[in-house]
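Engineer: Here it is, the structure, as structure tokens.
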Amino acid sequence: QYFGSVAMPLLLSVRQDEDNLAGGEHLANIGLTDAIVESWASRDNPRFIWDSYRRLIFNFSRLVKKLDMAPFENALLMKKQRLDGKCMLGRKHEDCDVPTNDLKGLVEEYKALYKSQVGDDFPQDPGLQLSQTLHMILKPPPAG
């Protein structure tokens, strides 16, 4: 396994103190890209892999880029509400209930939302994902 490998990906998780990363949260799955996800999902648990990528894009957008997360949250809510409407038992669906094909669609929606707010595509270079995350964590907190 190595970082950036399509065949044997090594993913990283970054955590820093509460002053730098919101509430001491961590950013997991750094290193996932379209190519890695497509390759890995074809060999192993596709639902888990697509959900991991969805979470990376969401949390990278929130923690690293500080984007407006309302559209991201709404996209997921709409998927779950559509599932709720189909359920004859009146069940409310959780994130873990979203099927693989819907997760793939959410990844595409999240990447479009990212691009609309940042002006660039979601980074497909694992090194760039890591460097942007580290830059955000290592920069000094705002004065005041």
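Identifiers for the structure tokens are assigned positionally: chains receive A, B, ... in sequence, residues are indexed from 1 per chain, and ligands are indexed from 1 in the order shown.
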List as an MDAnalysis selection string the protein and nucleic acid residues near range 31-39 of chain A, meaning an atom at most 6 Å away when only C-alpha atoms are counted, but skip any in the same chain fewer than 2 places from it.
Structural biologist: chainID A and resid 6 11 41:42 124 126
Engineer: From the set A:Ile49, A:Val14, A:Leu76, A:Leu27, which residue has the shortest atom-to-atom contact distance to Ser61 in chain A, counting only C-alpha atoms?
Structural biologist: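 Going through A:Ile49, A:Val14, A:Leu76, A:Leu27 one by one, the smallest distance to Ser61 in chain A is for A:Leu27.
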Engineer: Applying 9 Å and only C-alpha atoms, which residues near range 103-119 of chain A remain after dropping the ones on its own chain fewer than 4 positions away? List them as a list in words.
Structural biologist: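 Everything that qualifies: Arg47, Trp50, Asp51, Tyr53, Arg54, Arg55, Ile57, Phe58, Ser61, Lys65, Leu67, Asp68, Pro71, Phe72, Ala75, Leu76, Lys79, Val98 and Pro99 of chain A.
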